[in-house]
Amino acid sequence: MKRFSPFFVAAATLLAQTANSHTIFTTLFVNDVSQGDGTCVRMNLDPQQCTSPIASLDSDDMACGASGAKAVAFTCPAPADGKLSFEWREWADAEQPGAIDISHKGPCAIYAKQVKDMASDSAAGPGWIKIWDEGYDDSSGKWCTENLIDNNGVMSIDIPDFLPGGTWLFRPELLALHDADKGDPQFYTGCAQVFLNSSNTAALDVPTEYSVSIPGHVHADDPGLSFNIYSPNFPYPMPGPKIFNPTDSKTTTTSTSSKALKQAEGKIPSNYLIKNANWIGVEVSDYSTEDGCWDASSACWSQASDCYDSAPPTGSANCQVWEQKCDGIDTACNAGNFNGPPNKGQKLQDKEPTPPSNIPRAVNAGTSRRLRRGRARRVASGTILR
């Protein structure tokens with residue numbers, strides 16, 4: 001009674017055929033540790049179009065990309081003083097190397113938005129702040145996208161300590177200017193779902209000029225969107241709002257608690273045997289009869305189907321690993337071994353692409369240290385209440 005799964009192979013083949021056209025944000029790192037390809041990441045789920053730029057500046061896709069309106073199952077935790085890194089790829093499943101074509105020169109930015117309910121709150125709309133950006137570096141003669149290529153497609157940021165604990169969307173953004181002089185600025189974005197473990201419990205009060213709506217944070221007639229990189233007139237005018245920095249703006253008193261908030265939703269269960277993006281495989285029920293054996297086989301293959309159905313363009317490598325577990329149950333059932341499951345509770349070997357060996361330092365490392373020192377001084381003086 002061997003179960004074959006040709007549709008799984010077909011699905012895996014389709015997902016592997018990502019279009020090598022532009023770039024896509026695929027992987028979140030917390031303190032230099034990969035959370036898994038696609039895990040906690042909202043991205044374009046169309047494997048043929050996933051690396052394409054956002055079609056319209058007025059589209060809600062500008063918030064978290066195409067397919068980005070819907071939350072993914074998992075939200076990754078991060079400490080208040082942690083570091084987040086975002087990996088970009090030309091090929092979502094890393095079938096071929098590369099972050100973005102060298103011709104796609106332009107600026108980068110990172111935005112953040114706090115949400116109360118990850119599943120129901122809209123990513124598109126007001127409430128976004130810019131926490132970092134970089135355009136053209138006169139000293140190195142390089143655009144931010146060129147620095148991204150030098151860093152193996154990874155950009156890193158220290159989490160600003162003024163962000164209160166809770167659920168956040170972090171939105172890395174690239175703007176390619178190779179056709180901007182022809183009226184075609186190309187934006188690329190996605191969002192990471194992050195739960196910030198912080199004792200800072202006060203609402204963040206952001207002055208109007210720093211809080212923006214996405215879409216709406218940039219406009220077609222912004223000088224930075226039509227900048228000619230072939231005949232440049234520097235300095236480059238960065239699009240979007242100014243970076244929000246509480247030391248440079250008027251903010252209200254904040255408060256802290258002795259206990260950090262606890263994540264209630266989107267937690268990744270600890271009992272999984274293997275994970276693929278936002279799917280996990282969990283052990284099947286114990287059995288001691290032939291019927292129980294084949295029921296376990298069916299349950300295993302059902303999980304495999306769910307894995308492939310939910311796999312984003314980053315691939316389904318670990319779904320294939322799970323298939324091997326299902327094959328093992330089938331083999332035992334066919335051999336008359338009705339006590340199982342085999343290798344009960346044993347973690348399976350991850351088959352995702354190897355993460356970049358060197359995760360770059362945070363692009364705002366100096367700024368974040370100054371902010372922390374400044375906050376400590378304000379706490380000591382009573383400007384900020386504990």
# chains A, B, ... in the order shown; residues from 1 in each chain; ligands from 1
$ closest_atom_pairs --of "range 54-138 of chain A" --to "range 265-281 of chain A" --cutoff "7 Å" --atoms "only C-alpha atoms" --output "tab-separated table"
residue	atom	partner	partner_atom	distance
A:Val72	CA	A:Asn278	CA	6.7
A:Ala73	CA	A:Asn278	CA	5.7
A:Phe74	CA	A:Gly266	CA	4.4
A:Thr75	CA	A:Gly266	CA	4.8
$ write_last_selection --atoms "N, CA and C atoms" --output "JSON list (two decimals), in the first residue's frame"
[["chain", "number", "residue", "atom", "x", "y", "z"],
["A", 72, "VAL", "N", 1.27, 36.04, 7.84],
["A", 72, "VAL", "CA", 1.72, 34.65, 7.85],
["A", 72, "VAL", "C", 1.50, 34.09, 9.25],
["A", 73, "ALA", "N", 1.64, 32.78, 9.39],
["A", 73, "ALA", "CA", 1.26, 32.11, 10.64],
["A", 73, "ALA", "C", 2.16, 32.48, 11.81],
["A", 74, "PHE", "N", 3.44, 32.75, 11.54],
["A", 74, "PHE", "CA", 4.39, 32.93, 12.64],
["A", 74, "PHE", "C", 4.89, 34.37, 12.74],
["A", 75, "THR", "N", 5.12, 34.80, 13.98],
["A", 75, "THR", "CA", 5.73, 36.09, 14.30],
["A", 75, "THR", "C", 6.96, 35.80, 15.16]]
$ residues_around --residues "range 168-181 of chain A" --least-positions-apart "6" --cutoff "8 Å" --atoms "only C-alpha atoms" --output "ChimeraX atom specification"
/A:25,63-64,86,103-115,123,145,187-196,225-229
$ write_last_selection --atoms "N, CA and C atoms" --output "short mmCIF file (atom, residue, chain, number, x, y, z; two decimals), in the first residue's frame"
data_model
loop_
_atom_site.label_atom_id
_atom_site.label_comp_id
_atom_site.auth_asym_id
_atom_site.auth_seq_id
_atom_site.Cartn_x
_atom_site.Cartn_y
_atom_site.Cartn_z
N PHE A 25 12.82 40.02 -0.73
CA PHE A 25 13.20 39.83 0.67
C PHE A 25 12.70 38.45 1.10
N ALA A 63 2.92 48.47 0.81
CA ALA A 63 3.13 48.28 2.25
C ALA A 63 4.03 47.09 2.52
N CYS A 64 3.59 45.89 2.14
CA CYS A 64 4.36 44.67 2.40
C CYS A 64 4.53 43.81 1.16
N PHE A 86 17.98 41.38 7.18
CA PHE A 86 17.04 41.06 6.12
C PHE A 86 17.83 40.61 4.89
N SER A 103 23.14 46.51 -11.99
CA SER A 103 22.60 47.67 -12.71
C SER A 103 21.50 48.37 -11.93
N HIS A 104 20.91 47.66 -10.97
CA HIS A 104 19.77 48.19 -10.22
C HIS A 104 20.25 49.05 -9.05
N LYS A 105 20.88 50.16 -9.37
CA LYS A 105 21.45 51.03 -8.35
C LYS A 105 20.37 51.91 -7.72
N GLY A 106 20.51 52.15 -6.40
CA GLY A 106 19.55 53.02 -5.75
C GLY A 106 19.63 52.96 -4.24
N PRO A 107 18.72 53.67 -3.57
CA PRO A 107 18.73 53.77 -2.11
C PRO A 107 18.00 52.62 -1.44
N CYS A 108 18.16 52.54 -0.13
CA CYS A 108 17.48 51.55 0.71
C CYS A 108 16.88 52.28 1.91
N ALA A 109 15.90 51.65 2.52
CA ALA A 109 15.31 52.19 3.75
C ALA A 109 14.69 51.05 4.55
N ILE A 110 14.48 51.31 5.83
CA ILE A 110 13.75 50.36 6.68
C ILE A 110 12.69 51.15 7.44
N TYR A 111 11.46 50.67 7.36
CA TYR A 111 10.33 51.27 8.06
C TYR A 111 9.80 50.29 9.11
N ALA A 112 9.02 50.80 10.05
CA ALA A 112 8.42 49.96 11.08
C ALA A 112 7.02 50.47 11.40
N LYS A 113 6.14 49.54 11.75
CA LYS A 113 4.77 49.88 12.14
C LYS A 113 4.31 48.94 13.24
N GLN A 114 3.78 49.49 14.32
CA GLN A 114 3.25 48.66 15.39
C GLN A 114 1.79 48.32 15.10
N VAL A 115 1.43 47.06 15.30
CA VAL A 115 0.05 46.61 15.10
C VAL A 115 -0.41 45.90 16.37
N ALA A 123 -1.70 46.26 7.09
CA ALA A 123 -0.33 46.75 6.88
C ALA A 123 -0.37 48.06 6.11
N THR A 145 22.32 49.87 -2.74
CA THR A 145 22.14 48.54 -3.33
C THR A 145 23.47 47.88 -3.65
N PHE A 187 10.32 49.83 -7.00
CA PHE A 187 10.35 49.55 -5.57
C PHE A 187 10.22 48.06 -5.31
N TYR A 188 10.99 47.60 -4.32
CA TYR A 188 10.93 46.22 -3.84
C TYR A 188 10.77 46.25 -2.33
N THR A 189 9.87 45.44 -1.81
CA THR A 189 9.67 45.43 -0.38
C THR A 189 9.02 44.13 0.07
N GLY A 190 8.95 43.95 1.36
CA GLY A 190 8.28 42.84 2.02
C GLY A 190 8.23 43.21 3.48
N CYS A 191 7.69 42.38 4.33
CA CYS A 191 7.60 42.71 5.74
C CYS A 191 7.95 41.50 6.61
N ALA A 192 8.63 41.79 7.70
CA ALA A 192 8.92 40.77 8.72
C ALA A 192 7.99 41.00 9.90
N GLN A 193 7.35 39.93 10.35
CA GLN A 193 6.50 39.99 11.53
C GLN A 193 7.35 39.69 12.76
N VAL A 194 7.43 40.65 13.67
CA VAL A 194 8.33 40.54 14.82
C VAL A 194 7.58 40.90 16.09
N PHE A 195 7.77 40.08 17.14
CA PHE A 195 7.28 40.44 18.46
C PHE A 195 8.46 40.95 19.26
N LEU A 196 8.38 42.21 19.67
CA LEU A 196 9.48 42.85 20.38
C LEU A 196 9.31 42.66 21.88
N LEU A 225 12.70 59.95 -7.19
CA LEU A 225 12.13 58.87 -7.99
C LEU A 225 12.40 59.04 -9.48
N SER A 226 12.91 60.19 -9.88
CA SER A 226 13.24 60.41 -11.29
C SER A 226 14.73 60.72 -11.47
N PHE A 227 15.50 60.46 -10.44
CA PHE A 227 16.94 60.77 -10.44
C PHE A 227 17.66 59.99 -11.52
N ASN A 228 18.49 60.68 -12.29
CA ASN A 228 19.24 60.07 -13.39
C ASN A 228 20.60 59.61 -12.87
N ILE A 229 20.77 58.29 -12.73
CA ILE A 229 22.02 57.78 -12.18
C ILE A 229 23.14 57.80 -13.22
#
$ residues_around --residues "Leu57 in chain A" --least-positions-apart "5" --cutoff "8 Å" --atoms "only C-alpha atoms" --output "ChimeraX atom specification"
/A:62,215-216,218-220
$ select_by_dssp --residues "range 96-333 of chain A" --states "alpha helix (DSSP H)" --output "MDAnalysis selection string"
chainID A and resid 144:150 290:310 317:333
$ closest_residue --among "A:Ser156, A:Gln263, A:Ser52, A:Asn364" --to "Met118 in chain A" --atoms "only C-alpha atoms"
A:Gln263
$ residues_around --residues "Asp158 in chain A" --least-positions-apart "4" --cutoff "10 Å" --atoms "only C-alpha atoms" --output "list in words"
Val30, Asn31, Ala80, Asp81, Gly82, Lys83, Leu84, Ser85, Ile131, Arg361, Ala362, Val363, Asn364, Ala365, Gly366, Thr367, Ser368 and Arg369 of chain A
$ write_last_selection --atoms "all heavy atoms" --output "CSV table (one decimal), in the first residue's frame"
chain,number,residue,atom,x,y,z
A,30,VAL,N,17.5,37.1,13.4
A,30,VAL,CA,17.5,37.8,14.7
A,30,VAL,C,18.8,37.5,15.4
A,30,VAL,O,19.1,36.3,15.7
A,30,VAL,CB,16.3,37.3,15.6
A,30,VAL,CG1,16.3,38.0,16.9
A,30,VAL,CG2,15.0,37.6,14.8
A,31,ASN,N,19.5,38.6,15.7
A,31,ASN,CA,20.8,38.4,16.4
A,31,ASN,C,21.7,37.4,15.6
A,31,ASN,O,22.3,36.5,16.2
A,31,ASN,CB,20.7,38.0,17.8
A,31,ASN,CG,20.2,39.2,18.7
A,31,ASN,OD1,20.3,40.3,18.3
A,31,ASN,ND2,19.7,38.9,19.9
A,80,ALA,N,14.6,43.5,23.0
A,80,ALA,CA,14.5,44.9,22.7
A,80,ALA,C,15.8,45.5,22.2
A,80,ALA,O,15.8,46.5,21.5
A,80,ALA,CB,14.1,45.6,24.0
A,81,ASP,N,16.9,45.0,22.7
A,81,ASP,CA,18.2,45.5,22.2
A,81,ASP,C,18.8,44.6,21.1
A,81,ASP,O,20.0,44.6,20.9
A,81,ASP,CB,19.2,45.5,23.4
A,81,ASP,CG,19.4,44.2,24.1
A,81,ASP,OD1,18.7,43.2,23.7
A,81,ASP,OD2,20.3,44.1,24.9
A,82,GLY,N,18.0,43.9,20.4
A,82,GLY,CA,18.4,42.9,19.4
A,82,GLY,C,18.8,43.6,18.1
A,82,GLY,O,18.6,44.8,17.8
A,83,LYS,N,19.2,42.7,17.2
A,83,LYS,CA,19.6,43.1,15.8
A,83,LYS,C,18.8,42.3,14.8
A,83,LYS,O,18.6,41.1,15.0
A,83,LYS,CB,21.1,42.8,15.6
A,83,LYS,CG,21.7,42.9,14.2
A,83,LYS,CD,23.1,42.4,14.2
A,83,LYS,CE,23.7,42.4,12.8
A,83,LYS,NZ,25.1,41.8,12.8
A,84,LEU,N,18.2,43.0,13.9
A,84,LEU,CA,17.5,42.3,12.8
A,84,LEU,C,18.2,42.4,11.5
A,84,LEU,O,18.8,43.5,11.2
A,84,LEU,CB,16.1,43.0,12.6
A,84,LEU,CG,15.1,43.0,13.8
A,84,LEU,CD1,13.8,43.7,13.5
A,84,LEU,CD2,14.9,41.6,14.3
A,85,SER,N,18.2,41.4,10.7
A,85,SER,CA,18.9,41.4,9.4
A,85,SER,C,17.9,40.8,8.4
A,85,SER,O,17.1,39.9,8.7
A,85,SER,CB,20.2,40.5,9.4
A,85,SER,OG,21.1,41.0,10.4
A,131,ILE,N,13.0,54.2,10.1
A,131,ILE,CA,14.0,54.1,11.2
A,131,ILE,C,15.5,54.1,10.6
A,131,ILE,O,16.4,54.1,11.4
A,131,ILE,CB,13.8,52.9,12.1
A,131,ILE,CG1,13.7,51.6,11.3
A,131,ILE,CG2,12.5,53.1,12.9
A,131,ILE,CD1,13.5,50.3,12.1
A,361,ARG,N,27.4,44.1,10.2
A,361,ARG,CA,27.0,44.9,11.4
A,361,ARG,C,25.8,45.7,11.1
A,361,ARG,O,25.5,46.0,9.9
A,361,ARG,CB,28.2,45.7,11.8
A,361,ARG,CG,28.5,46.9,10.9
A,361,ARG,CD,29.8,47.6,11.2
A,361,ARG,NE,29.8,48.2,12.5
A,361,ARG,CZ,29.5,49.5,12.7
A,361,ARG,NH1,29.1,50.2,11.7
A,361,ARG,NH2,29.5,50.0,13.9
A,362,ALA,N,25.2,46.2,12.1
A,362,ALA,CA,24.0,47.0,11.9
A,362,ALA,C,24.4,48.3,11.3
A,362,ALA,O,25.3,49.0,11.7
A,362,ALA,CB,23.3,47.3,13.3
A,363,VAL,N,23.6,48.7,10.3
A,363,VAL,CA,23.9,50.0,9.6
A,363,VAL,C,23.7,51.2,10.5
A,363,VAL,O,24.2,52.3,10.2
A,363,VAL,CB,23.0,50.1,8.3
A,363,VAL,CG1,23.4,49.1,7.3
A,363,VAL,CG2,21.5,49.9,8.7
A,364,ASN,N,22.9,51.1,11.5
A,364,ASN,CA,22.7,52.2,12.5
A,364,ASN,C,23.4,51.9,13.8
A,364,ASN,O,23.0,52.5,14.8
A,364,ASN,CB,21.2,52.3,12.7
A,364,ASN,CG,20.6,51.1,13.4
A,364,ASN,OD1,21.1,50.0,13.3
A,364,ASN,ND2,19.4,51.4,14.1
A,365,ALA,N,24.4,51.1,13.8
A,365,ALA,CA,25.1,50.7,15.1
A,365,ALA,C,25.5,51.9,15.9
A,365,ALA,O,25.2,52.0,17.1
A,365,ALA,CB,26.3,49.8,14.8
A,366,GLY,N,26.1,52.9,15.3
A,366,GLY,CA,26.6,54.1,16.0
A,366,GLY,C,25.4,54.9,16.6
A,366,GLY,O,25.4,55.3,17.7
A,367,THR,N,24.4,55.0,15.7
A,367,THR,CA,23.2,55.8,16.1
A,367,THR,C,22.5,55.1,17.3
A,367,THR,O,22.0,55.8,18.2
A,367,THR,CB,22.2,56.0,14.9
A,367,THR,OG1,22.9,56.6,13.9
A,367,THR,CG2,21.0,56.8,15.3
A,368,SER,N,22.3,53.8,17.2
A,368,SER,CA,21.6,53.1,18.2
A,368,SER,C,22.3,53.2,19.6
A,368,SER,O,21.7,53.3,20.6
A,368,SER,CB,21.3,51.6,17.8
A,368,SER,OG,22.6,51.0,17.6
A,369,ARG,N,23.6,53.1,19.6
A,369,ARG,CA,24.4,53.3,20.8
A,369,ARG,C,24.2,54.7,21.4
A,369,ARG,O,24.0,54.8,22.6
A,369,ARG,CB,25.8,53.0,20.6
A,369,ARG,CG,26.2,51.5,20.4
A,369,ARG,CD,27.7,51.3,20.5
A,369,ARG,NE,28.4,51.9,19.5
A,369,ARG,CZ,28.7,51.3,18.3
A,369,ARG,NH1,28.3,50.0,18.1
A,369,ARG,NH2,29.4,51.9,17.4
$ atom_distance --atom1 "CA of Asn339 in chain A" --atom2 "CA of Thr289 in chain A"
6.9 Å
$ atom_distance --atom1 "CA of Val33 in chain A" --atom2 "CA of Thr314 in chain A"
17.4 Å
$ residues_around --residues "Val284 in chain A" --least-positions-apart "2" --cutoff "10 Å" --atoms "only C-alpha atoms" --output "PyMOL selection string"
chain A and resi 281-282+286-287+293+295-300+303+326+329+340-341+344-345
$ write_last_selection --atoms "C-alpha atoms" --output "CSV table (one decimal), in the first residue's frame"
chain,number,residue,atom,x,y,z
A,281,GLY,CA,5.5,19.1,10.8
A,282,VAL,CA,4.5,17.5,14.1
A,286,ASP,CA,1.2,6.4,18.4
A,287,TYR,CA,-0.2,3.2,16.9
A,293,CYS,CA,-0.4,2.4,11.0
A,295,ASP,CA,-4.1,6.2,9.7
A,296,ALA,CA,-0.7,7.6,10.8
A,297,SER,CA,0.5,7.4,7.2
A,298,SER,CA,-2.6,9.3,6.0
A,299,ALA,CA,-2.0,11.9,8.7
A,300,CYS,CA,1.6,12.3,7.7
A,303,GLN,CA,0.7,17.3,6.6
A,326,CYS,CA,6.0,9.5,5.5
A,329,ILE,CA,5.8,5.0,8.0
A,340,GLY,CA,5.1,3.2,15.7
A,341,PRO,CA,5.7,5.7,14.5
A,344,LYS,CA,9.3,8.8,17.3
A,345,GLY,CA,9.9,12.5,18.1
$ closest_residue --among "A:Lys116, A:Ala94, A:Lys242, A:Trp132" --to "Val206 in chain A" --atoms "only C-alpha atoms"
A:Lys242
$ atom_distance --atom1 "CA of Ser316 in chain A" --atom2 "CA of Gln48 in chain A"
15.3 Å
$ residues_around --residues "Lys351 in chain A" --least-positions-apart "6" --cutoff "9 Å" --atoms "only C-alpha atoms" --output "list in words"
Ala317, Asn318, Gln320 and Val321 of chain A
$ decode --residues "range 177-201 of chain A" --atoms "N, CA, C and O atoms" --output "PDB file, in the first residue's frame"
ATOM      1  N   LEU A 177      16.972  52.550  -9.529  1.00  0.00           N
ATOM      2  CA  LEU A 177      16.835  53.767 -10.328  1.00  0.00           C
ATOM      3  C   LEU A 177      17.348  53.616 -11.755  1.00  0.00           C
ATOM      4  O   LEU A 177      17.488  54.616 -12.468  1.00  0.00           O
ATOM      5  N   HIS A 178      17.597  52.394 -12.202  1.00  0.00           N
ATOM      6  CA  HIS A 178      18.195  52.209 -13.524  1.00  0.00           C
ATOM      7  C   HIS A 178      17.292  52.704 -14.657  1.00  0.00           C
ATOM      8  O   HIS A 178      17.781  53.049 -15.736  1.00  0.00           O
ATOM      9  N   ASP A 179      15.975  52.742 -14.425  1.00  0.00           N
ATOM     10  CA  ASP A 179      15.057  53.268 -15.429  1.00  0.00           C
ATOM     11  C   ASP A 179      14.265  54.465 -14.896  1.00  0.00           C
ATOM     12  O   ASP A 179      13.245  54.852 -15.482  1.00  0.00           O
ATOM     13  N   ALA A 180      14.727  55.043 -13.805  1.00  0.00           N
ATOM     14  CA  ALA A 180      13.994  56.161 -13.207  1.00  0.00           C
ATOM     15  C   ALA A 180      13.931  57.361 -14.141  1.00  0.00           C
ATOM     16  O   ALA A 180      12.938  58.098 -14.162  1.00  0.00           O
ATOM     17  N   ASP A 181      14.987  57.578 -14.919  1.00  0.00           N
ATOM     18  CA  ASP A 181      14.991  58.710 -15.845  1.00  0.00           C
ATOM     19  C   ASP A 181      13.988  58.531 -16.969  1.00  0.00           C
ATOM     20  O   ASP A 181      13.658  59.483 -17.676  1.00  0.00           O
ATOM     21  N   LYS A 182      13.466  57.324 -17.113  1.00  0.00           N
ATOM     22  CA  LYS A 182      12.444  57.023 -18.126  1.00  0.00           C
ATOM     23  C   LYS A 182      11.056  56.945 -17.491  1.00  0.00           C
ATOM     24  O   LYS A 182      10.101  56.500 -18.124  1.00  0.00           O
ATOM     25  N   GLY A 183      10.963  57.334 -16.222  1.00  0.00           N
ATOM     26  CA  GLY A 183       9.679  57.316 -15.543  1.00  0.00           C
ATOM     27  C   GLY A 183       9.314  55.994 -14.917  1.00  0.00           C
ATOM     28  O   GLY A 183       8.130  55.729 -14.657  1.00  0.00           O
ATOM     29  N   ASP A 184      10.321  55.142 -14.648  1.00  0.00           N
ATOM     30  CA  ASP A 184      10.029  53.811 -14.096  1.00  0.00           C
ATOM     31  C   ASP A 184      10.900  53.508 -12.874  1.00  0.00           C
ATOM     32  O   ASP A 184      11.780  52.649 -12.920  1.00  0.00           O
ATOM     33  N   PRO A 185      10.664  54.202 -11.756  1.00  0.00           N
ATOM     34  CA  PRO A 185      11.368  53.822 -10.516  1.00  0.00           C
ATOM     35  C   PRO A 185      10.814  52.499 -10.012  1.00  0.00           C
ATOM     36  O   PRO A 185       9.596  52.284 -10.020  1.00  0.00           O
ATOM     37  N   GLN A 186      11.681  51.600  -9.578  1.00  0.00           N
ATOM     38  CA  GLN A 186      11.237  50.255  -9.207  1.00  0.00           C
ATOM     39  C   GLN A 186      11.442  50.003  -7.720  1.00  0.00           C
ATOM     40  O   GLN A 186      12.576  49.960  -7.236  1.00  0.00           O
ATOM     41  N   PHE A 187      10.321  49.825  -7.002  1.00  0.00           N
ATOM     42  CA  PHE A 187      10.353  49.555  -5.574  1.00  0.00           C
ATOM     43  C   PHE A 187      10.222  48.058  -5.305  1.00  0.00           C
ATOM     44  O   PHE A 187       9.449  47.357  -5.963  1.00  0.00           O
ATOM     45  N   TYR A 188      10.991  47.602  -4.316  1.00  0.00           N
ATOM     46  CA  TYR A 188      10.929  46.221  -3.844  1.00  0.00           C
ATOM     47  C   TYR A 188      10.772  46.254  -2.331  1.00  0.00           C
ATOM     48  O   TYR A 188      11.458  47.017  -1.642  1.00  0.00           O
ATOM     49  N   THR A 189       9.870  45.441  -1.814  1.00  0.00           N
ATOM     50  CA  THR A 189       9.671  45.433  -0.377  1.00  0.00           C
ATOM     51  C   THR A 189       9.024  44.134   0.075  1.00  0.00           C
ATOM     52  O   THR A 189       8.604  43.301  -0.733  1.00  0.00           O
ATOM     53  N   GLY A 190       8.946  43.952   1.355  1.00  0.00           N
ATOM     54  CA  GLY A 190       8.279  42.836   2.017  1.00  0.00           C
ATOM     55  C   GLY A 190       8.235  43.209   3.482  1.00  0.00           C
ATOM     56  O   GLY A 190       8.714  44.283   3.860  1.00  0.00           O
ATOM     57  N   CYS A 191       7.687  42.377   4.327  1.00  0.00           N
ATOM     58  CA  CYS A 191       7.602  42.707   5.743  1.00  0.00           C
ATOM     59  C   CYS A 191       7.952  41.502   6.605  1.00  0.00           C
ATOM     60  O   CYS A 191       7.594  40.366   6.281  1.00  0.00           O
ATOM     61  N   ALA A 192       8.634  41.788   7.705  1.00  0.00           N
ATOM     62  CA  ALA A 192       8.919  40.773   8.719  1.00  0.00           C
ATOM     63  C   ALA A 192       7.994  40.996   9.904  1.00  0.00           C
ATOM     64  O   ALA A 192       7.868  42.123  10.392  1.00  0.00           O
ATOM     65  N   GLN A 193       7.346  39.927  10.353  1.00  0.00           N
ATOM     66  CA  GLN A 193       6.495  39.986  11.534  1.00  0.00           C
ATOM     67  C   GLN A 193       7.350  39.688  12.756  1.00  0.00           C
ATOM     68  O   GLN A 193       7.933  38.606  12.870  1.00  0.00           O
ATOM     69  N   VAL A 194       7.425  40.646  13.667  1.00  0.00           N
ATOM     70  CA  VAL A 194       8.329  40.536  14.816  1.00  0.00           C
ATOM     71  C   VAL A 194       7.583  40.905  16.093  1.00  0.00           C
ATOM     72  O   VAL A 194       6.852  41.912  16.134  1.00  0.00           O
ATOM     73  N   PHE A 195       7.768  40.080  17.136  1.00  0.00           N
ATOM     74  CA  PHE A 195       7.283  40.440  18.464  1.00  0.00           C
ATOM     75  C   PHE A 195       8.463  40.952  19.264  1.00  0.00           C
ATOM     76  O   PHE A 195       9.436  40.229  19.493  1.00  0.00           O
ATOM     77  N   LEU A 196       8.382  42.209  19.674  1.00  0.00           N
ATOM     78  CA  LEU A 196       9.477  42.854  20.377  1.00  0.00           C
ATOM     79  C   LEU A 196       9.314  42.658  21.884  1.00  0.00           C
ATOM     80  O   LEU A 196       8.356  43.149  22.494  1.00  0.00           O
ATOM     81  N   ASN A 197      10.233  41.903  22.467  1.00  0.00           N
ATOM     82  CA  ASN A 197      10.224  41.669  23.920  1.00  0.00           C
ATOM     83  C   ASN A 197      10.883  42.854  24.608  1.00  0.00           C
ATOM     84  O   ASN A 197      12.100  42.952  24.675  1.00  0.00           O
ATOM     85  N   SER A 198      10.064  43.752  25.121  1.00  0.00           N
ATOM     86  CA  SER A 198      10.589  44.968  25.731  1.00  0.00           C
ATOM     87  C   SER A 198       9.764  45.332  26.953  1.00  0.00           C
ATOM     88  O   SER A 198       8.549  45.098  26.992  1.00  0.00           O
ATOM     89  N   SER A 199      10.416  45.920  27.950  1.00  0.00           N
ATOM     90  CA  SER A 199       9.717  46.402  29.132  1.00  0.00           C
ATOM     91  C   SER A 199       9.141  47.796  28.916  1.00  0.00           C
ATOM     92  O   SER A 199       8.462  48.336  29.782  1.00  0.00           O
ATOM     93  N   ASN A 200       9.434  48.385  27.764  1.00  0.00           N
ATOM     94  CA  ASN A 200       8.849  49.673  27.398  1.00  0.00           C
ATOM     95  C   ASN A 200       7.400  49.436  26.987  1.00  0.00           C
ATOM     96  O   ASN A 200       7.135  48.814  25.963  1.00  0.00           O
ATOM     97  N   THR A 201       6.468  49.914  27.785  1.00  0.00           N
ATOM     98  CA  THR A 201       5.053  49.607  27.563  1.00  0.00           C
ATOM     99  C   THR A 201       4.239  50.794  27.077  1.00  0.00           C
ATOM    100  O   THR A 201       3.047  50.649  26.803  1.00  0.00           O
TER     101      THR A 201
END
